[in-house]
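Raw protein38.pdb, PDB, C-alpha atoms and all ligand atoms:
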ATOM      1  CA  MET H1345     -36.645  58.757 -85.588
ATOM      2  CA  GLN H1346     -35.088  59.526 -88.896
ATOM      3  CA  PRO H1347     -33.678  62.938 -89.814
ATOM      4  CA  VAL H1348     -35.842  64.968 -92.143
ATOM      5  CA  LYS H1349     -34.222  65.590 -95.470
ATOM      6  CA  PRO H1350     -33.649  69.274 -96.279
ATOM      7  CA  ALA H1351     -35.099  68.649 -99.701
ATOM      8  CA  ALA H1352     -37.641  70.612-101.663
ATOM      9  CA  ALA H1353     -40.076  67.747-101.490
ATOM     10  CA  ARG H1354     -42.689  67.893 -98.771
ATOM     11  CA  VAL H1355     -42.360  65.031 -96.316
ATOM     12  CA  VAL H1356     -45.327  63.385 -94.690
ATOM     13  CA  ASN H1357     -45.640  60.415 -92.398
ATOM     14  CA  CYS H1358     -47.130  57.226 -93.729
ATOM     15  CA  PRO H1359     -50.550  56.889 -92.023
ATOM     16  CA  THR H1360     -50.040  53.171 -91.662
ATOM     17  CA  CYS H1361     -46.525  52.809 -90.303
ATOM     18  CA  GLY H1362     -45.450  56.396 -89.620
ATOM     19  CA  LYS H1363     -42.450  56.235 -91.889
ATOM     20  CA  PRO H1364     -41.397  59.539 -93.517
ATOM     21  CA  VAL H1365     -42.589  59.712 -97.108
ATOM     22  CA  GLU H1366     -41.570  62.301 -99.684
ATOM     23  CA  TRP H1367     -44.707  63.775-101.215
ATOM     24  CA  VAL H1368     -43.631  63.782-104.836
ATOM     25  CA  ALA H1369     -45.379  62.981-108.092
ATOM     26  CA  ASP H1370     -43.131  59.981-108.502
ATOM     27  CA  ASN H1371     -44.553  58.418-105.360
ATOM     28  CA  ARG H1372     -47.738  56.763-106.516
ATOM     29  CA  TYR H1373     -48.476  55.514-103.032
ATOM     30  CA  ARG H1374     -48.488  58.870-101.272
ATOM     31  CA  PRO H1375     -49.197  59.577 -98.526
ATOM     32  CA  PHE H1376     -48.204  55.995 -97.884
ATOM     33  CA  CYS H1377     -44.686  54.628 -98.125
ATOM     34  CA  SER H1378     -45.607  51.570-100.141
ATOM     35  CA  ALA H1379     -48.381  49.693-101.890
ATOM     36  CA  ARG H1380     -48.690  47.468 -98.871
ATOM     37  CA  CYS H1381     -49.316  50.318 -96.488
ATOM     38  CA  LYS H1382     -51.744  51.918 -98.919
ATOM     39  CA  GLY H1383     -53.725  48.721 -99.258
ATOM     40  CA  VAL H1384     -53.832  48.121 -95.523
ATOM     41  CA  ASP H1385     -55.180  51.537 -94.628
ATOM     42  CA  LEU H1386     -56.910  52.626 -97.801
ATOM     43  CA  GLY H1387     -60.465  52.160 -96.591
ATOM     44  CA  ALA H1388     -59.897  53.935 -93.308
ATOM     45  CA  TRP H1389     -58.098  56.985 -94.616
ATOM     46  CA  ALA H1390     -60.364  57.407 -97.607
ATOM     47  CA  THR H1391     -63.511  57.508 -95.542
ATOM     48  CA  GLU H1392     -62.433  58.934 -92.223
ATOM     49  CA  GLN H1393     -59.399  61.171 -92.208
ATOM     50  CA  TYR H1394     -58.898  62.367 -95.733
ATOM     51  CA  ARG H1395     -60.721  63.004 -98.944
ATOM     52  CA  VAL H1396     -59.619  61.296-102.093
ATOM     53  CA  GLU H1397     -58.404  63.907-104.481
ATOM     54  CA  ALA H1398     -59.682  63.255-107.961
ATOM     55  CA  SER H1399     -56.750  64.955-109.611
ATOM     56  CA  GLY H1400     -54.224  62.875-107.731
ATOM     57  CA  GLU H1401     -52.129  65.970-107.185
ATOM     58  CA  PRO H1402     -51.158  67.277-103.751
ATOM     59  CA  LYS H1403     -53.412  70.250-103.187
ATOM     60  CA  PRO H1404     -53.659  71.231 -99.529
ATOM     61  CA  GLU H1405     -56.184  73.881-100.432
ATOM     62  CA  ASP H1406     -58.826  73.725-103.110
ATOM     63  CA  PRO H1407     -60.247  77.158-103.954
ATOM     64  CA  SER H1408     -62.821  75.619-106.304
ATOM     65  CA  GLU H1409     -64.717  74.098-103.427
TER      66      GLU H1409
HETATM   67 ZN    ZN K1501     -45.873  52.731 -94.456
END
Kindly present the structure from the file in structure tokens form.
Amino acid sequence: MQPVKPAAARVVNCPTCGKPVEWVADNRYRPFCSARCKGVDLGAWATEQYRVEASGEPKPEDPSE
């Protein structure tokens, strides 16, 4: 286990490897930690667990839906 940074950035766990990932705009691979993890699990998470957000921005709630 790694200590969670007391930063402003939201931290999520990479769905593929479980590594803590800072959910920031600079992280193009979010919620994954790397391109490799994103590629490995892309199909599964896009169709099963999560919806692909068209805007690419982290929006936990979408009032327009
Ligand atoms: Zn990962």
> Would you name the residues within 10 Å of ligand ZN 1501 (chain K), counting only C-alpha atoms and all ligand atoms, and put them as a ChimeraX atom specification?
Replying inline: /H:1357-1365,1373-1382,1384-1385
Specify the axis-aligned box that encloses all atoms of range 1362-1365 of chain H listed in the file after padding of 4 Å on each side, stating its centre and edge lengths in Å to one decimal as AutoDock Vina command-line options.
--center_x -43.4 --center_y 58.0 --center_z -93.4 --size_x 12.1 --size_y 11.5 --size_z 15.5
> Hey, what's within 9 Å of Arg1354 in chain H if we count all atoms listed in the file and toss same-chain stuff fewer than 5 positions away? As a VMD selection string, please?
Replying inline: chain H and resid 1365 to 1368
Output range 1360-1383 of chain H with N, CA and C atoms present, as a PDB file, in the coordinates of the input.
ATOM      1  N   THR H1360     -50.008  54.548 -92.133  1.00  0.00           N
ATOM      2  CA  THR H1360     -50.040  53.171 -91.662  1.00  0.00           C
ATOM      3  C   THR H1360     -48.893  52.854 -90.713  1.00  0.00           C
ATOM      4  N   CYS H1361     -47.675  53.212 -91.104  1.00  0.00           N
ATOM      5  CA  CYS H1361     -46.525  52.809 -90.303  1.00  0.00           C
ATOM      6  C   CYS H1361     -45.754  53.997 -89.738  1.00  0.00           C
ATOM      7  N   GLY H1362     -46.091  55.217 -90.178  1.00  0.00           N
ATOM      8  CA  GLY H1362     -45.450  56.396 -89.620  1.00  0.00           C
ATOM      9  C   GLY H1362     -44.108  56.727 -90.224  1.00  0.00           C
ATOM     10  N   LYS H1363     -43.728  55.995 -91.242  1.00  0.00           N
ATOM     11  CA  LYS H1363     -42.450  56.235 -91.889  1.00  0.00           C
ATOM     12  C   LYS H1363     -42.496  57.516 -92.727  1.00  0.00           C
ATOM     13  N   PRO H1364     -41.431  58.321 -92.701  1.00  0.00           N
ATOM     14  CA  PRO H1364     -41.397  59.539 -93.517  1.00  0.00           C
ATOM     15  C   PRO H1364     -41.493  59.222 -95.007  1.00  0.00           C
ATOM     16  N   VAL H1365     -42.375  59.938 -95.680  1.00  0.00           N
ATOM     17  CA  VAL H1365     -42.589  59.712 -97.108  1.00  0.00           C
ATOM     18  C   VAL H1365     -42.486  61.038 -97.846  1.00  0.00           C
ATOM     19  N   GLU H1366     -41.673  61.085 -98.885  1.00  0.00           N
ATOM     20  CA  GLU H1366     -41.570  62.301 -99.684  1.00  0.00           C
ATOM     21  C   GLU H1366     -42.790  62.422-100.586  1.00  0.00           C
ATOM     22  N   TRP H1367     -43.488  63.553-100.438  1.00  0.00           N
ATOM     23  CA  TRP H1367     -44.707  63.775-101.215  1.00  0.00           C
ATOM     24  C   TRP H1367     -44.313  64.320-102.587  1.00  0.00           C
ATOM     25  N   VAL H1368     -44.037  63.405-103.485  1.00  0.00           N
ATOM     26  CA  VAL H1368     -43.631  63.782-104.836  1.00  0.00           C
ATOM     27  C   VAL H1368     -44.483  63.034-105.847  1.00  0.00           C
ATOM     28  N   ALA H1369     -44.546  63.577-107.051  1.00  0.00           N
ATOM     29  CA  ALA H1369     -45.379  62.981-108.092  1.00  0.00           C
ATOM     30  C   ALA H1369     -44.942  61.559-108.412  1.00  0.00           C
ATOM     31  N   ASP H1370     -43.671  61.292-108.183  1.00  0.00           N
ATOM     32  CA  ASP H1370     -43.131  59.981-108.502  1.00  0.00           C
ATOM     33  C   ASP H1370     -43.604  58.905-107.515  1.00  0.00           C
ATOM     34  N   ASN H1371     -44.082  59.366-106.383  1.00  0.00           N
ATOM     35  CA  ASN H1371     -44.553  58.418-105.360  1.00  0.00           C
ATOM     36  C   ASN H1371     -46.037  58.141-105.547  1.00  0.00           C
ATOM     37  N   ARG H1372     -46.348  57.077-106.197  1.00  0.00           N
ATOM     38  CA  ARG H1372     -47.738  56.763-106.516  1.00  0.00           C
ATOM     39  C   ARG H1372     -48.515  56.353-105.282  1.00  0.00           C
ATOM     40  N   TYR H1373     -47.810  56.024-104.225  1.00  0.00           N
ATOM     41  CA  TYR H1373     -48.476  55.514-103.032  1.00  0.00           C
ATOM     42  C   TYR H1373     -48.732  56.586-101.980  1.00  0.00           C
ATOM     43  N   ARG H1374     -48.325  57.816-102.262  1.00  0.00           N
ATOM     44  CA  ARG H1374     -48.488  58.870-101.272  1.00  0.00           C
ATOM     45  C   ARG H1374     -49.929  58.978-100.802  1.00  0.00           C
ATOM     46  N   PRO H1375     -50.202  59.259 -99.556  1.00  0.00           N
ATOM     47  CA  PRO H1375     -49.197  59.577 -98.526  1.00  0.00           C
ATOM     48  C   PRO H1375     -48.583  58.354 -97.857  1.00  0.00           C
ATOM     49  N   PHE H1376     -48.761  57.207 -98.469  1.00  0.00           N
ATOM     50  CA  PHE H1376     -48.204  55.995 -97.884  1.00  0.00           C
ATOM     51  C   PHE H1376     -46.806  55.738 -98.420  1.00  0.00           C
ATOM     52  N   CYS H1377     -46.063  54.888 -97.730  1.00  0.00           N
ATOM     53  CA  CYS H1377     -44.686  54.628 -98.125  1.00  0.00           C
ATOM     54  C   CYS H1377     -44.604  53.508 -99.147  1.00  0.00           C
ATOM     55  N   SER H1378     -45.660  52.714 -99.247  1.00  0.00           N
ATOM     56  CA  SER H1378     -45.607  51.570-100.141  1.00  0.00           C
ATOM     57  C   SER H1378     -47.008  51.100-100.499  1.00  0.00           C
ATOM     58  N   ALA H1379     -47.086  50.237-101.485  1.00  0.00           N
ATOM     59  CA  ALA H1379     -48.381  49.693-101.890  1.00  0.00           C
ATOM     60  C   ALA H1379     -49.016  48.913-100.748  1.00  0.00           C
ATOM     61  N   ARG H1380     -48.191  48.269 -99.982  1.00  0.00           N
ATOM     62  CA  ARG H1380     -48.690  47.468 -98.871  1.00  0.00           C
ATOM     63  C   ARG H1380     -49.385  48.338 -97.839  1.00  0.00           C
ATOM     64  N   CYS H1381     -48.722  49.416 -97.469  1.00  0.00           N
ATOM     65  CA  CYS H1381     -49.316  50.318 -96.488  1.00  0.00           C
ATOM     66  C   CYS H1381     -50.585  50.956 -97.055  1.00  0.00           C
ATOM     67  N   LYS H1382     -50.573  51.301 -98.301  1.00  0.00           N
ATOM     68  CA  LYS H1382     -51.744  51.918 -98.919  1.00  0.00           C
ATOM     69  C   LYS H1382     -52.921  50.958 -98.906  1.00  0.00           C
ATOM     70  N   GLY H1383     -52.662  49.716 -99.233  1.00  0.00           N
ATOM     71  CA  GLY H1383     -53.725  48.721 -99.258  1.00  0.00           C
ATOM     72  C   GLY H1383     -54.289  48.451 -97.879  1.00  0.00           C
TER      73      GLY H1383
END
